[in-house]
Amino acid sequence: MSSPHPSLVRLNIGGKKFSTTVDTLTQREPDSMLAAMFSGRHTLSQDSEKGPVFVDRDGKHFRHILNWLRDGVIPVLKDSEYLELLREAEYYQLLDLSYVDFSFACLKNVFFSRANLQCAKFKDVDAGGSIFHNANLRECEFTGANLQGALLAGANLQSANLQDACLIECSFCGADLRTAHLQTADLTNANLEGANLEGANLKGAVLSGANLQGANLQRAYLRHVDLRDTHLVGAKLDGANLLGAIR
């Protein structure tokens, strides 16, 4: 006799038991590890015949993972718990974090590579050393954020707000920073080689030692910016506003 709930799934996450459905685990995040597990392509580890599927992870935050998959809601947590939840989200390859508000959180050395963070808020966060490689950060807010040493190579930062941010020694190699707001940001020794800064506003930005070789600065706002110690070989400056810039 067939089960009245054929899509029901029982899970054992590090000893904690959960019940959900195949649809919940596969529909919102079809590229996640959980979706792959329940796609029918893999043999699953179970406690016994038809028992719960066992996953060797701490089950503390798994209810938040399930709630995200059900309705896209991120819980309000303490900073330390956010880091724990992000580690679990990374493990399960759940990287759609668009519109999440991380403002004022401590996110040092957090892995956000390839994550969808469009329109997320990082106001005044401490995210030094974090990895945003190839992440979607379009229209994100980073005002006043500490991103010193962060890796943002290949990231999409179109129209992102990075005003007053600490971007010392950040890597933006090949990043898309078109129309980004970088007023008074500290880009000392930042690597922007090959970055697209077309139409970006760099008024008052600190660019001492910054590498802008091959960068696209067409129509960028660079009025009164000190460019004496920047590396501009091969940079495109057509139409850039350089009135009063020091070169």
# chains A, B, ... in the order shown; residues from 1 in each chain; ligands from 1
>>> closest_atom_pairs(of="range 88-137 of chain A", to="range 174-192 of chain A", cutoff="12 Å", atoms="only C-alpha atoms", output="Markdown table")
| residue | atom | partner | partner_atom | distance |
| --- | --- | --- | --- | --- |
| A:Phe132 | CA | A:Ala175 | CA | 10.5 |
| A:His133 | CA | A:Ala175 | CA | 9.1 |
| A:Asn134 | CA | A:Ala175 | CA | 8.0 |
| A:Ala135 | CA | A:Ala175 | CA | 9.7 |
| A:Asn136 | CA | A:Asp176 | CA | 9.8 |
| A:Leu137 | CA | A:Asp176 | CA | 9.5 |
>>> residues_around(residues="range 37-39 of chain A", least_positions_apart="3", cutoff="12 Å", atoms="only C-alpha atoms", output="VMD selection string")
chain A and resid 7 to 11 20 to 27 30 to 34 42 to 45 53 to 55 92 to 93
>>> closest_atom_pairs(of="range 97-210 of chain A", to="range 217-229 of chain A", cutoff="9 Å", atoms="only C-alpha atoms", output="Markdown table")
| residue | atom | partner | partner_atom | distance |
| --- | --- | --- | --- | --- |
| A:Arg178 | CA | A:Ala220 | CA | 8.8 |
| A:Thr179 | CA | A:Ala220 | CA | 8.0 |
| A:Ala195 | CA | A:Leu217 | CA | 8.7 |
| A:Asn196 | CA | A:Leu217 | CA | 6.9 |
| A:Leu197 | CA | A:Leu217 | CA | 5.0 |
| A:Glu198 | CA | A:Gln218 | CA | 4.8 |
| A:Gly199 | CA | A:Ala220 | CA | 4.2 |
| A:Ala200 | CA | A:Ala220 | CA | 4.8 |
| A:Asn201 | CA | A:Tyr221 | CA | 4.8 |
| A:Leu202 | CA | A:Leu222 | CA | 5.5 |
| A:Lys203 | CA | A:Leu222 | CA | 5.7 |
| A:Gly204 | CA | A:Val225 | CA | 5.9 |
| A:Ala205 | CA | A:Val225 | CA | 6.7 |
| A:Val206 | CA | A:Asp226 | CA | 7.4 |
| A:Leu207 | CA | A:Leu227 | CA | 6.6 |
| A:Ser208 | CA | A:Asp229 | CA | 5.2 |
| A:Gly209 | CA | A:Asp229 | CA | 5.2 |
| A:Ala210 | CA | A:Asp229 | CA | 7.4 |
>>> closest_residue(among="A:Leu94, A:Ala235, A:Leu77, A:Cys173", to="Ala36 in chain A", atoms="only C-alpha atoms")
A:Leu94
>>> select_by_dssp(residues="range 51-223 of chain A", states="alpha helix (DSSP H)", output="list in words")
Phe62, Arg63, His64, Ile65, Leu66, Asn67, Trp68, Leu69, Arg70, Asp71, Asp79, Ser80, Glu81, Tyr82, Leu83, Glu84, Leu85, Leu86, Arg87, Glu88, Ala89, Glu90 and Tyr91 of chain A
>>> write_last_selection(atoms="N, CA, C and O atoms", output="PDB file, in the first residue's frame")
ATOM      1  N   PHE A  62      19.165  23.983  12.029  1.00  0.00           N
ATOM      2  CA  PHE A  62      18.534  23.424  10.840  1.00  0.00           C
ATOM      3  C   PHE A  62      17.083  23.866  10.683  1.00  0.00           C
ATOM      4  O   PHE A  62      16.576  23.948   9.565  1.00  0.00           O
ATOM      5  N   ARG A  63      16.410  24.172  11.793  1.00  0.00           N
ATOM      6  CA  ARG A  63      15.030  24.679  11.656  1.00  0.00           C
ATOM      7  C   ARG A  63      15.016  26.001  10.901  1.00  0.00           C
ATOM      8  O   ARG A  63      14.071  26.295  10.150  1.00  0.00           O
ATOM      9  N   HIS A  64      16.076  26.816  11.074  1.00  0.00           N
ATOM     10  CA  HIS A  64      16.162  28.068  10.312  1.00  0.00           C
ATOM     11  C   HIS A  64      16.403  27.782   8.829  1.00  0.00           C
ATOM     12  O   HIS A  64      15.888  28.498   7.963  1.00  0.00           O
ATOM     13  N   ILE A  65      17.195  26.752   8.548  1.00  0.00           N
ATOM     14  CA  ILE A  65      17.412  26.339   7.159  1.00  0.00           C
ATOM     15  C   ILE A  65      16.088  25.939   6.529  1.00  0.00           C
ATOM     16  O   ILE A  65      15.754  26.354   5.407  1.00  0.00           O
ATOM     17  N   LEU A  66      15.298  25.136   7.250  1.00  0.00           N
ATOM     18  CA  LEU A  66      13.998  24.708   6.718  1.00  0.00           C
ATOM     19  C   LEU A  66      13.050  25.882   6.527  1.00  0.00           C
ATOM     20  O   LEU A  66      12.336  25.963   5.521  1.00  0.00           O
ATOM     21  N   ASN A  67      13.034  26.805   7.480  1.00  0.00           N
ATOM     22  CA  ASN A  67      12.135  27.963   7.354  1.00  0.00           C
ATOM     23  C   ASN A  67      12.535  28.835   6.169  1.00  0.00           C
ATOM     24  O   ASN A  67      11.669  29.415   5.495  1.00  0.00           O
ATOM     25  N   TRP A  68      13.843  28.933   5.908  1.00  0.00           N
ATOM     26  CA  TRP A  68      14.293  29.673   4.725  1.00  0.00           C
ATOM     27  C   TRP A  68      13.787  28.990   3.458  1.00  0.00           C
ATOM     28  O   TRP A  68      13.283  29.647   2.542  1.00  0.00           O
ATOM     29  N   LEU A  69      13.890  27.666   3.418  1.00  0.00           N
ATOM     30  CA  LEU A  69      13.435  26.938   2.243  1.00  0.00           C
ATOM     31  C   LEU A  69      11.919  27.011   2.076  1.00  0.00           C
ATOM     32  O   LEU A  69      11.404  26.971   0.962  1.00  0.00           O
ATOM     33  N   ARG A  70      11.208  27.146   3.187  1.00  0.00           N
ATOM     34  CA  ARG A  70       9.746  27.203   3.120  1.00  0.00           C
ATOM     35  C   ARG A  70       9.241  28.573   2.675  1.00  0.00           C
ATOM     36  O   ARG A  70       8.370  28.672   1.824  1.00  0.00           O
ATOM     37  N   ASP A  71       9.785  29.628   3.285  1.00  0.00           N
ATOM     38  CA  ASP A  71       9.202  30.949   3.013  1.00  0.00           C
ATOM     39  C   ASP A  71      10.216  32.066   2.807  1.00  0.00           C
ATOM     40  O   ASP A  71       9.851  33.235   2.710  1.00  0.00           O
ATOM     41  N   ASP A  79      25.069  38.023  16.688  1.00  0.00           N
ATOM     42  CA  ASP A  79      26.142  37.983  15.698  1.00  0.00           C
ATOM     43  C   ASP A  79      26.789  36.607  15.611  1.00  0.00           C
ATOM     44  O   ASP A  79      27.015  36.071  14.526  1.00  0.00           O
ATOM     45  N   SER A  80      27.110  36.012  16.762  1.00  0.00           N
ATOM     46  CA  SER A  80      27.782  34.714  16.764  1.00  0.00           C
ATOM     47  C   SER A  80      26.904  33.638  16.141  1.00  0.00           C
ATOM     48  O   SER A  80      27.388  32.720  15.468  1.00  0.00           O
ATOM     49  N   GLU A  81      25.584  33.747  16.345  1.00  0.00           N
ATOM     50  CA  GLU A  81      24.671  32.760  15.773  1.00  0.00           C
ATOM     51  C   GLU A  81      24.521  32.950  14.271  1.00  0.00           C
ATOM     52  O   GLU A  81      24.327  31.967  13.538  1.00  0.00           O
ATOM     53  N   TYR A  82      24.609  34.205  13.796  1.00  0.00           N
ATOM     54  CA  TYR A  82      24.609  34.450  12.354  1.00  0.00           C
ATOM     55  C   TYR A  82      25.768  33.712  11.696  1.00  0.00           C
ATOM     56  O   TYR A  82      25.621  33.085  10.647  1.00  0.00           O
ATOM     57  N   LEU A  83      26.945  33.780  12.317  1.00  0.00           N
ATOM     58  CA  LEU A  83      28.114  33.115  11.757  1.00  0.00           C
ATOM     59  C   LEU A  83      27.902  31.608  11.706  1.00  0.00           C
ATOM     60  O   LEU A  83      28.261  30.946  10.721  1.00  0.00           O
ATOM     61  N   GLU A  84      27.310  31.054  12.761  1.00  0.00           N
ATOM     62  CA  GLU A  84      27.019  29.618  12.775  1.00  0.00           C
ATOM     63  C   GLU A  84      26.031  29.258  11.676  1.00  0.00           C
ATOM     64  O   GLU A  84      26.208  28.255  10.962  1.00  0.00           O
ATOM     65  N   LEU A  85      24.989  30.082  11.519  1.00  0.00           N
ATOM     66  CA  LEU A  85      23.979  29.810  10.493  1.00  0.00           C
ATOM     67  C   LEU A  85      24.568  29.936   9.091  1.00  0.00           C
ATOM     68  O   LEU A  85      24.263  29.133   8.199  1.00  0.00           O
ATOM     69  N   LEU A  86      25.441  30.921   8.890  1.00  0.00           N
ATOM     70  CA  LEU A  86      26.064  31.086   7.585  1.00  0.00           C
ATOM     71  C   LEU A  86      26.950  29.898   7.235  1.00  0.00           C
ATOM     72  O   LEU A  86      27.024  29.486   6.073  1.00  0.00           O
ATOM     73  N   ARG A  87      27.622  29.334   8.243  1.00  0.00           N
ATOM     74  CA  ARG A  87      28.429  28.136   7.993  1.00  0.00           C
ATOM     75  C   ARG A  87      27.545  26.971   7.550  1.00  0.00           C
ATOM     76  O   ARG A  87      27.908  26.197   6.661  1.00  0.00           O
ATOM     77  N   GLU A  88      26.375  26.857   8.185  1.00  0.00           N
ATOM     78  CA  GLU A  88      25.463  25.788   7.791  1.00  0.00           C
ATOM     79  C   GLU A  88      24.902  26.044   6.392  1.00  0.00           C
ATOM     80  O   GLU A  88      24.787  25.119   5.579  1.00  0.00           O
ATOM     81  N   ALA A  89      24.571  27.300   6.098  1.00  0.00           N
ATOM     82  CA  ALA A  89      24.051  27.642   4.769  1.00  0.00           C
ATOM     83  C   ALA A  89      25.095  27.345   3.700  1.00  0.00           C
ATOM     84  O   ALA A  89      24.776  26.871   2.607  1.00  0.00           O
ATOM     85  N   GLU A  90      26.371  27.626   4.038  1.00  0.00           N
ATOM     86  CA  GLU A  90      27.458  27.315   3.094  1.00  0.00           C
ATOM     87  C   GLU A  90      27.535  25.812   2.860  1.00  0.00           C
ATOM     88  O   GLU A  90      27.662  25.354   1.717  1.00  0.00           O
ATOM     89  N   TYR A  91      27.442  25.026   3.931  1.00  0.00           N
ATOM     90  CA  TYR A  91      27.529  23.570   3.799  1.00  0.00           C
ATOM     91  C   TYR A  91      26.422  23.026   2.898  1.00  0.00           C
ATOM     92  O   TYR A  91      26.656  22.177   2.034  1.00  0.00           O
TER      93      TYR A  91
END
>>> atom_distance(atom1="CA of Gly149 in chain A", atom2="CA of Ala127 in chain A")
9.0 Å
>>> residues_around(residues="range 116-124 of chain A", least_positions_apart="6", cutoff="12 Å", atoms="only C-alpha atoms", output="PyMOL selection string")
chain A and resi 29+74+93-107+132-147+155-166
>>> write_last_selection(atoms="C-alpha atoms", output="PDB file, in the first residue's frame")
ATOM      1  CA  GLU A  29      17.064  26.293  -3.976  1.00  0.00           C
ATOM      2  CA  ILE A  74      16.010  34.902   7.723  1.00  0.00           C
ATOM      3  CA  GLN A  93      24.970  25.380  -0.577  1.00  0.00           C
ATOM      4  CA  LEU A  94      22.067  27.710   0.184  1.00  0.00           C
ATOM      5  CA  LEU A  95      23.518  30.973  -1.058  1.00  0.00           C
ATOM      6  CA  ASP A  96      20.512  33.121  -1.935  1.00  0.00           C
ATOM      7  CA  LEU A  97      20.757  35.833   0.726  1.00  0.00           C
ATOM      8  CA  SER A  98      19.264  38.719  -1.245  1.00  0.00           C
ATOM      9  CA  TYR A  99      17.700  41.535   0.800  1.00  0.00           C
ATOM     10  CA  VAL A 100      19.041  40.170   4.113  1.00  0.00           C
ATOM     11  CA  ASP A 101      19.982  42.867   6.653  1.00  0.00           C
ATOM     12  CA  PHE A 102      23.394  42.111   8.196  1.00  0.00           C
ATOM     13  CA  SER A 103      23.897  45.683   9.443  1.00  0.00           C
ATOM     14  CA  PHE A 104      26.213  46.112  12.449  1.00  0.00           C
ATOM     15  CA  ALA A 105      27.057  42.387  12.549  1.00  0.00           C
ATOM     16  CA  CYS A 106      30.533  40.927  12.956  1.00  0.00           C
ATOM     17  CA  LEU A 107      31.191  38.923   9.775  1.00  0.00           C
ATOM     18  CA  PHE A 132      32.800  37.712  -1.710  1.00  0.00           C
ATOM     19  CA  HIS A 133      34.457  36.210  -4.790  1.00  0.00           C
ATOM     20  CA  ASN A 134      32.030  36.275  -7.745  1.00  0.00           C
ATOM     21  CA  ALA A 135      29.143  37.199  -5.428  1.00  0.00           C
ATOM     22  CA  ASN A 136      26.134  39.195  -6.597  1.00  0.00           C
ATOM     23  CA  LEU A 137      26.325  42.399  -4.520  1.00  0.00           C
ATOM     24  CA  ARG A 138      24.328  44.593  -6.840  1.00  0.00           C
ATOM     25  CA  GLU A 139      22.770  47.585  -5.024  1.00  0.00           C
ATOM     26  CA  CYS A 140      24.092  46.399  -1.653  1.00  0.00           C
ATOM     27  CA  GLU A 141      24.679  48.903   1.142  1.00  0.00           C
ATOM     28  CA  PHE A 142      28.165  48.878   2.677  1.00  0.00           C
ATOM     29  CA  THR A 143      28.231  52.399   4.130  1.00  0.00           C
ATOM     30  CA  GLY A 144      30.779  52.635   6.923  1.00  0.00           C
ATOM     31  CA  ALA A 145      31.631  48.932   6.632  1.00  0.00           C
ATOM     32  CA  ASN A 146      35.041  47.510   7.452  1.00  0.00           C
ATOM     33  CA  LEU A 147      36.044  45.275   4.536  1.00  0.00           C
ATOM     34  CA  ALA A 155      31.869  40.430  -7.772  1.00  0.00           C
ATOM     35  CA  ASN A 156      28.910  42.330  -9.219  1.00  0.00           C
ATOM     36  CA  LEU A 157      28.811  45.614  -7.282  1.00  0.00           C
ATOM     37  CA  GLN A 158      26.790  47.650  -9.737  1.00  0.00           C
ATOM     38  CA  SER A 159      25.256  50.664  -7.971  1.00  0.00           C
ATOM     39  CA  ALA A 160      26.460  49.371  -4.592  1.00  0.00           C
ATOM     40  CA  ASN A 161      26.873  51.970  -1.853  1.00  0.00           C
ATOM     41  CA  LEU A 162      30.382  51.814  -0.362  1.00  0.00           C
ATOM     42  CA  GLN A 163      30.542  55.354   1.002  1.00  0.00           C
ATOM     43  CA  ASP A 164      32.936  55.793   3.931  1.00  0.00           C
ATOM     44  CA  ALA A 165      33.840  52.098   3.799  1.00  0.00           C
ATOM     45  CA  CYS A 166      37.268  50.813   4.784  1.00  0.00           C
TER      46      CYS A 166
END
>>> select_by_dssp(residues="range 1-245 of chain A", states="strand (DSSP E)", output="MDAnalysis selection string")
chainID A and resid 8:13 16:21 53:55
>>> residues_around(residues="Lys108 in chain A", least_positions_apart="2", cutoff="8 Å", atoms="only C-alpha atoms", output="PyMOL selection string")
chain A and resi 106+110+126-130
>>> atom_distance(atom1="CA of Glu193 in chain A", atom2="CA of Ile246 in chain A")
20.3 Å
>>> decode(residues="range 106-131 of chain A", atoms="N, CA, C and O atoms", output="tab-separated table (two decimals), in the first residue's frame")
chain	number	residue	atom	x	y	z
A	106	CYS	N	29.12	41.28	13.11
A	106	CYS	CA	30.53	40.93	12.96
A	106	CYS	C	30.60	39.73	12.02
A	106	CYS	O	30.15	38.63	12.36
A	107	LEU	N	31.15	39.96	10.81
A	107	LEU	CA	31.19	38.92	9.77
A	107	LEU	C	32.62	38.69	9.30
A	107	LEU	O	32.86	38.44	8.13
A	108	LYS	N	33.57	38.77	10.21
A	108	LYS	CA	34.98	38.60	9.84
A	108	LYS	C	35.22	37.21	9.25
A	108	LYS	O	34.76	36.20	9.79
A	109	ASN	N	35.95	37.20	8.13
A	109	ASN	CA	36.39	35.96	7.50
A	109	ASN	C	35.25	35.02	7.09
A	109	ASN	O	35.44	33.81	7.00
A	110	VAL	N	34.07	35.58	6.83
A	110	VAL	CA	32.93	34.77	6.40
A	110	VAL	C	33.02	34.50	4.90
A	110	VAL	O	33.46	35.35	4.12
A	111	PHE	N	32.58	33.32	4.49
A	111	PHE	CA	32.64	32.90	3.09
A	111	PHE	C	31.31	33.19	2.41
A	111	PHE	O	30.29	32.58	2.75
A	112	PHE	N	31.30	34.16	1.46
A	112	PHE	CA	30.10	34.50	0.70
A	112	PHE	C	30.30	34.26	-0.80
A	112	PHE	O	29.56	34.78	-1.61
A	113	SER	N	31.33	33.49	-1.15
A	113	SER	CA	31.66	33.31	-2.55
A	113	SER	C	30.47	32.78	-3.34
A	113	SER	O	29.80	31.84	-2.93
A	114	ARG	N	30.18	33.45	-4.46
A	114	ARG	CA	29.10	33.10	-5.39
A	114	ARG	C	27.70	33.29	-4.81
A	114	ARG	O	26.70	32.93	-5.43
A	115	ALA	N	27.59	33.85	-3.62
A	115	ALA	CA	26.28	34.05	-3.01
A	115	ALA	C	25.50	35.15	-3.72
A	115	ALA	O	26.07	36.11	-4.24
A	116	ASN	N	24.18	35.00	-3.72
A	116	ASN	CA	23.31	36.07	-4.22
A	116	ASN	C	22.96	36.96	-3.05
A	116	ASN	O	22.14	36.60	-2.20
A	117	LEU	N	23.57	38.13	-3.00
A	117	LEU	CA	23.37	39.09	-1.90
A	117	LEU	C	22.79	40.40	-2.43
A	117	LEU	O	22.93	41.44	-1.80
A	118	GLN	N	22.12	40.34	-3.54
A	118	GLN	CA	21.58	41.56	-4.14
A	118	GLN	C	20.70	42.31	-3.14
A	118	GLN	O	19.83	41.73	-2.50
A	119	CYS	N	20.98	43.60	-3.02
A	119	CYS	CA	20.20	44.50	-2.15
A	119	CYS	C	20.34	44.17	-0.66
A	119	CYS	O	19.57	44.68	0.16
A	120	ALA	N	21.30	43.31	-0.29
A	120	ALA	CA	21.53	43.05	1.13
A	120	ALA	C	22.15	44.28	1.79
A	120	ALA	O	22.75	45.12	1.12
A	121	LYS	N	21.98	44.39	3.10
A	121	LYS	CA	22.51	45.54	3.84
A	121	LYS	C	23.66	45.10	4.74
A	121	LYS	O	23.52	44.18	5.54
A	122	PHE	N	24.79	45.79	4.58
A	122	PHE	CA	25.98	45.52	5.37
A	122	PHE	C	26.45	46.82	6.05
A	122	PHE	O	27.64	47.04	6.23
A	123	LYS	N	25.53	47.67	6.42
A	123	LYS	CA	25.89	48.96	7.01
A	123	LYS	C	26.68	48.75	8.31
A	123	LYS	O	26.24	48.07	9.23
A	124	ASP	N	27.88	49.36	8.34
A	124	ASP	CA	28.74	49.35	9.53
A	124	ASP	C	29.11	47.95	10.01
A	124	ASP	O	29.42	47.75	11.18
A	125	VAL	N	29.09	46.96	9.12
A	125	VAL	CA	29.51	45.62	9.52
A	125	VAL	C	31.03	45.56	9.63
A	125	VAL	O	31.75	46.35	9.02
A	126	ASP	N	31.52	44.62	10.41
A	126	ASP	CA	32.94	44.32	10.46
A	126	ASP	C	33.12	43.01	9.69
A	126	ASP	O	32.88	41.93	10.22
A	127	ALA	N	33.50	43.14	8.41
A	127	ALA	CA	33.64	41.98	7.53
A	127	ALA	C	35.06	41.86	6.99
A	127	ALA	O	35.28	41.43	5.86
A	128	GLY	N	36.02	42.27	7.80
A	128	GLY	CA	37.41	42.18	7.38
A	128	GLY	C	37.79	40.76	7.02
A	128	GLY	O	37.49	39.82	7.75
A	129	GLY	N	38.47	40.61	5.87
A	129	GLY	CA	38.94	39.30	5.45
A	129	GLY	C	37.88	38.38	4.88
A	129	GLY	O	38.18	37.23	4.53
A	130	SER	N	36.65	38.85	4.75
A	130	SER	CA	35.59	37.99	4.21
A	130	SER	C	35.76	37.77	2.71
A	130	SER	O	36.40	38.57	2.01
A	131	ILE	N	35.17	36.71	2.21
A	131	ILE	CA	35.33	36.33	0.81
A	131	ILE	C	34.00	36.50	0.08
A	131	ILE	O	33.02	35.82	0.40
